[in-house]
$ cat upload_14.txt   # compact mmCIF, C-alpha atoms
# COMPACT_ATOMS: atom_id res chain seq x y z
CA MET A 1 312.98 125.19 99.60
CA ARG A 2 314.10 123.34 96.47
CA ASP A 3 313.72 126.60 94.56
CA ASN A 4 315.37 125.29 91.41
CA LEU A 5 313.60 121.92 91.31
CA LYS A 6 311.33 121.48 88.29
CA ILE A 7 308.37 119.13 88.78
CA GLY A 8 305.95 117.90 86.13
CA ILE A 9 302.49 116.33 86.29
CA LEU A 10 301.07 114.19 83.50
CA GLY A 11 297.38 115.04 83.53
CA GLY A 12 295.65 118.33 84.19
CA GLY A 13 292.35 117.34 85.79
CA GLN A 14 291.00 118.08 89.26
CA LEU A 15 293.53 115.80 90.95
CA GLY A 16 296.35 117.78 89.36
CA GLY A 17 294.64 121.00 90.44
CA MET A 18 294.55 119.92 94.07
CA LEU A 19 298.16 118.75 93.82
CA LEU A 20 299.17 122.19 92.51
CA ARG A 21 297.45 123.81 95.49
CA HIS A 22 299.67 121.86 97.88
CA ALA A 23 302.78 122.39 95.77
CA ILE A 24 302.27 126.12 96.30
CA ASP A 25 302.37 125.56 100.07
CA LEU A 26 305.81 123.99 99.63
CA GLY A 27 307.07 126.73 97.30
CA LEU A 28 307.43 124.39 94.33
CA SER A 29 307.51 125.11 90.60
CA VAL A 30 305.21 122.73 88.72
CA SER A 31 304.48 122.17 85.03
CA VAL A 32 301.47 120.28 83.67
CA LEU A 33 300.80 118.34 80.45
CA ASP A 34 297.25 117.67 79.28
CA LYS A 35 295.66 117.29 75.86
CA ASP A 36 292.72 119.50 76.86
CA ALA A 37 293.57 123.20 76.68
CA ASN A 38 290.65 123.84 79.04
CA ALA A 39 291.72 121.30 81.68
CA PRO A 40 291.29 122.57 85.27
CA CYS A 41 295.07 122.86 85.79
CA ALA A 42 295.45 125.27 82.86
CA ARG A 43 294.30 128.17 85.06
CA TYR A 44 296.47 127.25 88.05
CA THR A 45 299.98 127.15 86.56
CA SER A 46 301.93 129.44 84.26
CA SER A 47 303.65 126.35 82.83
CA PHE A 48 300.88 124.42 81.09
CA THR A 49 301.61 122.40 77.96
CA CYS A 50 298.83 121.21 75.69
CA GLY A 51 299.85 117.71 74.60
CA ASP A 52 298.77 114.08 74.80
CA GLN A 53 299.87 112.11 77.86
CA LYS A 54 299.68 108.94 75.72
CA SER A 55 302.00 110.33 73.04
CA TYR A 56 305.64 109.24 73.24
CA ASP A 57 306.90 112.45 71.59
CA ASP A 58 304.71 114.76 73.67
CA VAL A 59 305.72 113.17 76.98
CA VAL A 60 309.45 113.11 76.17
CA ALA A 61 309.37 116.73 75.00
CA PHE A 62 307.49 117.77 78.13
CA GLY A 63 309.86 115.99 80.49
CA LYS A 64 313.23 116.89 78.95
CA ASP A 65 313.79 119.97 81.14
CA LEU A 66 312.18 118.60 84.32
CA ASP A 67 313.73 116.96 87.39
CA VAL A 68 310.81 114.94 88.81
CA ILE A 69 307.71 113.69 86.99
CA THR A 70 304.53 112.29 88.51
CA ILE A 71 301.01 111.46 87.32
CA GLU A 72 297.39 112.19 88.13
CA MET A 73 296.12 109.45 85.80
CA GLU A 74 297.37 106.00 84.76
CA ALA A 75 296.72 106.46 81.02
CA VAL A 76 300.22 107.72 80.15
CA ASN A 77 302.98 106.61 77.77
CA ILE A 78 305.20 104.13 79.63
CA ASP A 79 307.91 104.00 76.95
CA ALA A 80 308.34 107.76 77.13
CA LEU A 81 308.69 107.64 80.91
CA ARG A 82 311.34 104.92 80.60
CA GLU A 83 313.25 107.13 78.15
CA LEU A 84 313.06 110.06 80.57
CA GLU A 85 314.43 107.83 83.32
CA LYS A 86 317.37 107.02 81.05
CA GLN A 87 317.93 110.75 80.69
CA GLY A 88 318.28 111.02 84.47
CA LYS A 89 314.79 112.23 85.34
CA LYS A 90 313.07 110.84 88.41
CA VAL A 91 309.69 109.31 87.57
CA PHE A 92 307.35 108.46 90.44
CA PRO A 93 305.45 106.22 90.54
CA THR A 94 307.95 104.31 88.42
CA PRO A 95 307.04 103.13 84.92
CA ASP A 96 307.11 99.55 86.24
CA THR A 97 304.49 100.40 88.87
CA ILE A 98 302.28 102.23 86.39
CA GLN A 99 302.55 99.38 83.89
CA VAL A 100 301.31 96.85 86.44
CA ILE A 101 298.31 98.97 87.35
CA GLN A 102 297.34 100.14 83.83
CA ASP A 103 295.96 96.68 83.04
CA LYS A 104 293.42 95.31 85.52
CA TYR A 105 294.27 91.69 84.70
CA VAL A 106 298.02 92.23 85.05
CA GLN A 107 297.26 94.06 88.30
CA LYS A 108 295.28 91.08 89.57
CA GLN A 109 297.99 88.58 88.61
CA PHE A 110 300.65 90.72 90.32
CA LEU A 111 298.68 90.73 93.56
CA ILE A 112 298.12 86.97 93.40
CA SER A 113 301.86 86.43 92.88
CA HIS A 114 302.49 88.29 96.15
CA ASN A 115 299.86 86.32 98.11
CA ILE A 116 297.53 89.29 98.40
CA PRO A 117 293.83 88.31 98.41
CA VAL A 118 291.89 89.47 95.35
CA VAL A 119 288.50 89.01 93.73
CA PRO A 120 288.81 85.93 91.46
CA GLY A 121 288.62 86.73 87.75
CA ILE A 122 289.58 85.58 84.26
CA ALA A 123 290.79 87.43 81.15
CA VAL A 124 288.41 87.59 78.18
CA GLU A 125 289.05 89.08 74.74
CA GLY A 126 285.52 90.24 73.93
CA LYS A 127 281.93 89.14 73.37
CA SER A 128 282.76 85.94 71.49
CA ASP A 129 285.13 84.88 74.24
CA LEU A 130 282.48 85.57 76.87
CA HIS A 131 280.15 83.02 75.32
CA LYS A 132 282.72 80.36 76.27
CA HIS A 133 282.35 81.36 79.91
CA GLU A 134 278.58 81.58 80.33
CA ASN A 135 278.87 79.16 83.23
CA LYS A 136 280.69 81.89 85.20
CA LEU A 137 277.73 84.26 85.09
CA PRO A 138 276.54 86.27 86.87
CA GLY A 139 279.75 88.26 87.01
CA CYS A 140 281.28 91.73 86.88
CA LEU A 141 282.94 92.70 83.59
CA LYS A 142 285.69 95.34 83.60
CA LYS A 143 287.71 96.72 80.72
CA ARG A 144 291.35 95.88 81.30
CA ARG A 145 292.46 99.42 80.45
CA ASP A 146 291.30 103.03 80.72
CA GLY A 147 288.31 102.59 83.01
CA TYR A 148 287.46 105.38 85.45
CA ASP A 149 284.52 106.72 87.46
CA GLY A 150 282.42 103.67 86.65
CA TYR A 151 283.20 103.82 82.94
CA GLY A 152 284.24 100.39 81.72
CA VAL A 153 282.35 98.37 84.34
CA MET A 154 279.12 96.38 83.96
CA VAL A 155 277.33 93.46 85.59
CA LEU A 156 276.39 90.51 83.38
CA LYS A 157 273.58 88.55 84.99
CA THR A 158 272.77 86.02 82.25
CA SER A 159 274.03 85.01 78.81
CA ALA A 160 271.52 87.43 77.29
CA ASP A 161 273.56 90.32 78.72
CA ILE A 162 276.63 89.33 76.70
CA GLU A 163 275.30 91.21 73.65
CA LYS A 164 275.84 94.54 75.48
CA ALA A 165 279.31 93.53 76.72
CA PHE A 166 282.55 95.33 75.84
CA GLU A 167 284.38 94.27 72.69
CA GLN A 168 287.71 95.26 74.26
CA PRO A 169 289.90 92.91 76.34
CA SER A 170 288.32 92.67 79.78
CA VAL A 171 288.32 90.85 83.09
CA LEU A 172 285.29 88.80 84.15
CA GLU A 173 285.17 88.71 87.95
CA GLU A 174 283.09 86.69 90.32
CA LEU A 175 280.29 88.61 91.99
CA VAL A 176 281.33 89.02 95.61
CA ASP A 177 278.86 89.03 98.49
CA ILE A 178 279.91 92.48 99.71
CA LYS A 179 279.22 93.91 103.13
CA HIS A 180 281.42 97.02 102.77
CA GLU A 181 283.55 98.73 100.15
CA ILE A 182 286.56 100.41 101.71
CA ALA A 183 289.80 102.07 100.66
CA VAL A 184 293.18 102.79 102.22
CA ILE A 185 295.58 105.46 100.94
CA VAL A 186 299.20 104.47 101.54
CA GLY A 187 302.32 106.58 101.03
CA ARG A 188 305.84 105.22 100.56
CA ASN A 189 309.16 106.91 99.80
CA GLU A 190 312.44 105.76 98.21
CA GLN A 191 313.81 104.69 101.59
CA GLY A 192 310.88 102.31 102.09
CA ALA A 193 309.16 104.32 104.83
CA VAL A 194 305.40 103.65 104.73
CA LYS A 195 302.44 105.50 106.22
CA CYS A 196 298.73 104.75 105.79
CA TYR A 197 295.61 106.80 106.31
CA ASP A 198 292.69 105.31 108.21
CA PRO A 199 290.40 103.18 106.02
CA VAL A 200 287.36 104.96 104.59
CA MET A 201 283.93 103.53 103.85
CA MET A 202 282.77 104.05 100.25
CA VAL A 203 279.22 104.23 98.93
CA PHE A 204 278.72 103.82 95.18
CA ALA A 205 275.81 104.85 92.97
CA GLU A 206 274.24 101.50 92.15
CA ASP A 207 273.45 102.24 88.52
CA LYS A 208 276.71 103.98 87.53
CA PHE A 209 279.45 102.32 89.63
CA ILE A 210 280.68 105.82 90.52
CA LEU A 211 281.58 106.87 94.05
CA GLU A 212 278.65 108.77 95.57
CA SER A 213 280.11 109.43 99.01
CA GLN A 214 282.78 108.33 101.43
CA VAL A 215 282.95 108.29 105.23
CA ALA A 216 286.12 108.61 107.32
CA PRO A 217 286.92 106.77 109.42
CA ALA A 218 285.22 103.62 108.15
CA GLN A 219 282.90 102.10 110.71
CA LEU A 220 284.51 98.65 110.78
CA GLU A 221 284.45 95.75 113.18
CA ASP A 222 287.45 95.29 115.50
CA GLY A 223 290.55 94.12 113.68
CA LEU A 224 289.34 94.78 110.12
CA ALA A 225 290.84 98.28 109.95
CA LYS A 226 294.25 96.97 111.03
CA GLU A 227 294.01 94.14 108.51
CA ALA A 228 293.14 96.55 105.69
CA ILE A 229 296.09 98.78 106.58
CA ALA A 230 298.42 95.77 106.68
CA ILE A 231 297.26 94.72 103.21
CA ALA A 232 297.82 98.24 101.82
CA GLU A 233 301.34 98.31 103.28
CA LYS A 234 302.09 94.89 101.79
CA VAL A 235 300.90 96.04 98.35
CA ALA A 236 303.01 99.21 98.52
CA ASP A 237 306.10 97.21 99.42
CA ALA A 238 305.44 94.62 96.69
CA LEU A 239 305.22 97.39 94.09
CA LYS A 240 308.28 99.17 95.53
CA LEU A 241 306.02 102.18 95.44
CA VAL A 242 307.38 105.71 95.55
CA GLY A 243 304.42 108.06 95.91
CA ILE A 244 300.92 107.26 97.08
CA LEU A 245 298.56 104.42 96.27
CA ALA A 246 294.82 103.99 96.76
CA VAL A 247 293.96 100.36 97.54
CA GLU A 248 290.24 99.71 97.09
CA MET A 249 288.95 96.63 98.90
CA PHE A 250 285.80 94.62 99.53
CA VAL A 251 284.81 93.36 102.96
CA THR A 252 282.71 90.25 102.39
CA LYS A 253 279.73 89.14 104.47
CA ASP A 254 282.02 86.69 106.28
CA ASN A 255 284.56 89.46 107.06
CA LYS A 256 287.20 88.56 104.51
CA ILE A 257 289.07 91.42 102.85
CA LEU A 258 289.73 91.21 99.10
CA VAL A 259 291.60 93.80 97.03
CA ASN A 260 289.41 95.16 94.25
CA GLU A 261 291.55 97.70 92.40
CA MET A 262 294.52 100.05 92.87
CA ALA A 263 295.39 103.57 91.73
CA PRO A 264 299.00 104.86 92.04
CA ARG A 265 298.04 108.53 92.39
CA PRO A 266 295.75 110.85 94.37
CA HIS A 267 292.31 109.29 94.58
CA ASN A 268 288.69 110.23 95.20
CA SER A 269 288.75 108.19 98.42
CA GLY A 270 291.43 110.51 99.83
CA HIS A 271 289.89 113.93 99.14
CA HIS A 272 288.78 114.26 102.76
CA THR A 273 292.41 114.37 103.92
CA ILE A 274 292.63 118.03 102.83
CA GLU A 275 290.25 119.13 105.60
CA ALA A 276 290.34 116.23 108.05
CA SER A 277 293.97 115.07 108.26
CA THR A 278 297.24 116.62 109.35
CA THR A 279 298.81 115.88 105.96
CA SER A 280 296.64 115.65 102.85
CA GLN A 281 297.14 112.87 100.30
CA TYR A 282 298.42 115.54 97.89
CA GLU A 283 301.09 116.84 100.25
CA GLN A 284 302.01 113.24 101.05
CA LEU A 285 302.60 112.53 97.36
CA LEU A 286 304.91 115.54 97.09
CA ARG A 287 306.78 114.53 100.24
CA ALA A 288 307.24 110.97 98.94
CA ILE A 289 308.55 111.87 95.48
CA LEU A 290 310.82 114.68 96.71
CA GLY A 291 312.59 112.67 99.40
CA LEU A 292 310.97 114.59 102.27
CA PRO A 293 309.83 112.93 105.51
CA LEU A 294 306.37 111.41 105.16
CA GLY A 295 303.71 113.47 106.92
CA ASP A 296 301.43 112.68 109.84
CA THR A 297 298.33 110.85 108.59
CA THR A 298 296.28 111.37 111.76
CA LEU A 299 292.58 111.97 111.15
CA HIS A 300 291.66 114.97 113.32
CA LEU A 301 287.96 115.06 112.51
CA PRO A 302 285.38 112.57 111.29
CA SER A 303 284.23 113.53 107.80
CA LEU A 304 282.04 112.70 104.83
CA MET A 305 283.03 113.44 101.24
CA LEU A 306 280.19 113.85 98.74
CA ASN A 307 280.85 113.90 94.99
CA ILE A 308 278.99 116.50 92.95
CA LEU A 309 277.68 115.13 89.66
CA TRP A 310 276.34 117.56 87.09
CA ASN A 311 272.56 117.50 86.75
CA ASP A 312 269.70 119.61 85.42
CA ALA A 313 269.02 121.18 88.81
CA LEU A 314 272.61 122.45 89.08
CA ALA A 315 272.55 123.71 85.52
CA ALA A 316 269.34 125.64 86.16
CA ASN A 317 270.57 127.55 89.21
CA THR A 318 274.19 126.89 90.08
CA GLU A 319 274.90 130.06 92.07
CA GLU A 320 271.85 129.82 94.34
CA ARG A 321 272.63 126.19 95.15
CA PHE A 322 276.27 127.05 95.85
CA ASN A 323 275.24 129.78 98.25
CA ALA A 324 272.92 127.42 100.10
CA LEU A 325 275.63 124.74 100.27
CA LEU A 326 278.24 127.17 101.58
CA ASP A 327 275.82 128.20 104.31
CA VAL A 328 276.01 124.69 105.82
CA ALA A 329 278.38 124.77 108.81
CA GLY A 330 281.36 122.45 108.36
CA ALA A 331 280.93 122.11 104.59
CA HIS A 332 283.93 122.80 102.35
CA LEU A 333 283.26 123.05 98.60
CA HIS A 334 285.77 122.02 95.93
CA TRP A 335 284.53 123.11 92.49
CA TYR A 336 286.72 121.81 89.68
CA GLY A 337 285.97 124.45 87.04
CA LYS A 338 285.43 121.96 84.23
CA LYS A 339 283.99 123.19 80.94
CA GLY A 340 281.43 121.47 78.74
CA ASN A 341 279.63 119.65 81.53
CA LYS A 342 277.12 116.92 80.79
CA PRO A 343 274.75 114.98 83.09
CA GLY A 344 276.55 112.58 85.42
CA ARG A 345 279.97 114.22 85.04
CA LYS A 346 281.96 114.69 88.25
CA VAL A 347 282.32 118.46 88.61
CA GLY A 348 283.26 118.90 92.27
CA HIS A 349 283.03 117.53 95.77
CA VAL A 350 282.06 118.67 99.25
CA THR A 351 283.81 117.59 102.43
CA VAL A 352 281.68 117.84 105.56
CA THR A 353 283.26 117.78 109.01
CA GLY A 354 281.71 117.85 112.46
CA SER A 355 282.07 116.57 116.00
CA THR A 356 279.97 113.44 115.54
CA MET A 357 279.11 111.20 112.60
CA GLN A 358 275.40 111.66 113.29
CA GLU A 359 275.80 115.42 112.87
CA ILE A 360 277.83 114.95 109.69
CA LEU A 361 275.29 112.58 108.11
CA ALA A 362 272.51 115.08 108.79
CA LYS A 363 274.49 117.88 107.12
CA ALA A 364 275.26 115.64 104.15
CA GLU A 365 271.57 114.91 103.65
CA THR A 366 270.87 118.65 103.62
CA ILE A 367 273.56 119.11 100.96
CA ARG A 368 272.16 116.29 98.81
CA LYS A 369 268.80 118.04 98.77
CA ILE A 370 270.45 121.33 97.81
CA LEU A 371 272.37 119.78 94.93
CA ASN A 372 269.50 117.75 93.53

$ encode --input "upload_14.txt" --output "structure tokens"
Amino acid sequence: MRDNLKIGILGGGQLGGMLLRHAIDLGLSVSVLDKDANAPCARYTSSFTCGDQKSYDDVVAFGKDLDVITIEMEAVNIDALRELEKQGKKVFPTPDTIQVIQDKYVQKQFLISHNIPVVPGIAVEGKSDLHKHENKLPGCLKKRRDGYDGYGVMVLKTSADIEKAFEQPSVLEELVDIKHEIAVIVGRNEQGAVKCYDPVMMVFAEDKFILESQVAPAQLEDGLAKEAIAIAEKVADALKLVGILAVEMFVTKDNKILVNEMAPRPHNSGHHTIEASTTSQYEQLLRAILGLPLGDTTLHLPSLMLNILWNDALAANTEERFNALLDVAGAHLHWYGKKGNKPGRKVGHVTVTGSTMQEILAKAETIRKILN
């Protein structure tokens, strides 16, 4: 199947590693570019190139002999991808899509222009600019570019907090009265066919803004799940997406849905699809960019995904804790194989499945105790 097709991934982290796993199922040949010679993908492909995804020359050189190029991170060189398109390479998501999403303020303005509800926010250049907008505090400050896993996000409660604010261009958002944080993964191909996964409920670590766990399906009131899916489909169509997109949303206390952020690649909120869905988000991405029929997104089992963050307890006795975790029925461990771990770094995840959500929550609590 497509034996001679050459596919490339910009980024060699855990998302790329899980994408490679599913590419193997489809008999595909995949190359990876990452600036870290010890990136997780380096051990999973015989075609690994050490180079900077943000470098024009590195990206063009990497892509010159490829047929299709995709990403596992947004921080890539757009100009290089446009040049590769001119050379006849297929780039999905397109450089236009990536460019919209790379900048959180541009992303927000794009959504507003397509009548998609978002969290209100303004662009600020840095600390001095923030002082002009003290009347908008409290608020949530986000770096416009290169934020991930809670990095680049902080809450400013009063004007005194401005001194610790980012110097980089940022977005100051209103604090939303949130009841739930949810996400929908949507896939779309070149023909405009769209398929969504069921919304998931997300739980974030309060102090770090990093996803702690995620429950599928989300336990939402009647009608909210359908509304969230409709919004995700509308966003995918507006972007003319080819690939997959994670649409993170807030459900407010008065049951309004607002789009928070988007990611045009595999996403933490879709990890559970490997064990719990007919077609994983990774296989869906490959199907979308290769012109294959989109896969069935049915959720076969309720599940909970728990991120593993490196801590002293894990460092002290990793193997014993792994053995105890793997002894929990219905638990599937994904260990990313990262090197040079430090406290708080995301190093793996566990997906727990079961027949009822009550059973799953009990297993997840057992796993939390094992890991901490």

$ atom_distance --input "upload_14.txt" --atom1 "CA of Thr158 in chain A" --atom2 "CA of Ala205 in chain A"
21.9 Å

$ closest_residue --input "upload_14.txt" --among "A:Leu285, A:Thr252, A:Pro40, A:Leu137" --to "Trp335 in chain A" --atoms "only C-alpha atoms"
A:Pro40

$ closest_residue --input "upload_14.txt" --among "A:Ala23, A:Ile244, A:Ala37, A:Met73" --to "Lys338 in chain A" --atoms "only C-alpha atoms"
A:Ala37

$ closest_residue --input "upload_14.txt" --among "A:Ser170, A:Thr45, A:Gln109, A:Thr70" --to "Arg21 in chain A" --atoms "all atoms listed in the file"
A:Thr45

$ atom_distance --input "upload_14.txt" --atom1 "CA of Met202 in chain A" --atom2 "CA of Asn307 in chain A"
11.3 Å

$ decode --input "upload_14.txt" --residues "range 245-294 of chain A" --atoms "C-alpha atoms" --output "short mmCIF file (atom, residue, chain, number, x, y, z; two decimals), in the first residue's frame"
data_model
loop_
_atom_site.label_atom_id
_atom_site.label_comp_id
_atom_site.auth_asym_id
_atom_site.auth_seq_id
_atom_site.Cartn_x
_atom_site.Cartn_y
_atom_site.Cartn_z
CA LEU A 245 -7.43 19.49 14.68
CA ALA A 246 -7.90 19.62 18.44
CA VAL A 247 -10.43 22.30 19.40
CA GLU A 248 -10.22 23.12 23.11
CA MET A 249 -13.31 24.79 24.54
CA PHE A 250 -14.76 26.18 27.75
CA VAL A 251 -18.29 25.46 28.91
CA THR A 252 -19.35 28.41 31.04
CA LYS A 253 -21.56 28.27 34.12
CA ASP A 254 -24.49 29.40 31.96
CA ASN A 255 -23.81 26.62 29.40
CA LYS A 256 -22.24 28.71 26.67
CA ILE A 257 -19.41 27.14 24.69
CA LEU A 258 -16.36 29.29 23.88
CA VAL A 259 -13.34 28.16 21.87
CA ASN A 260 -10.16 28.49 23.91
CA GLU A 261 -7.35 27.28 21.64
CA MET A 262 -6.65 25.02 18.66
CA ALA A 263 -3.86 22.62 17.67
CA PRO A 264 -3.62 21.34 14.05
CA ARG A 265 -1.94 18.04 14.96
CA PRO A 266 -2.30 15.05 17.28
CA HIS A 267 -3.15 16.28 20.75
CA ASN A 268 -3.01 15.17 24.37
CA SER A 269 -6.82 15.21 24.49
CA GLY A 270 -6.93 12.48 21.83
CA HIS A 271 -4.47 9.95 23.27
CA HIS A 272 -7.32 7.76 24.52
CA THR A 273 -8.42 7.04 20.94
CA ILE A 274 -5.58 4.50 20.60
CA GLU A 275 -7.24 2.12 23.07
CA ALA A 276 -10.85 3.30 23.14
CA SER A 277 -11.81 4.16 19.55
CA THR A 278 -12.07 2.25 16.30
CA THR A 279 -9.64 4.66 14.60
CA SER A 280 -7.02 6.49 16.65
CA GLN A 281 -6.34 10.20 16.10
CA TYR A 282 -2.95 9.18 14.67
CA GLU A 283 -4.39 6.83 12.07
CA GLN A 284 -7.01 9.46 11.25
CA LEU A 285 -4.27 12.00 10.53
CA LEU A 286 -2.57 9.57 8.15
CA ARG A 287 -5.86 8.77 6.43
CA ALA A 288 -6.65 12.47 5.98
CA ILE A 289 -3.30 13.52 4.51
CA LEU A 290 -2.97 10.48 2.24
CA GLY A 291 -6.39 10.76 0.63
CA LEU A 292 -7.74 7.63 2.33
CA PRO A 293 -11.32 7.34 3.64
CA LEU A 294 -11.66 8.84 7.11
#
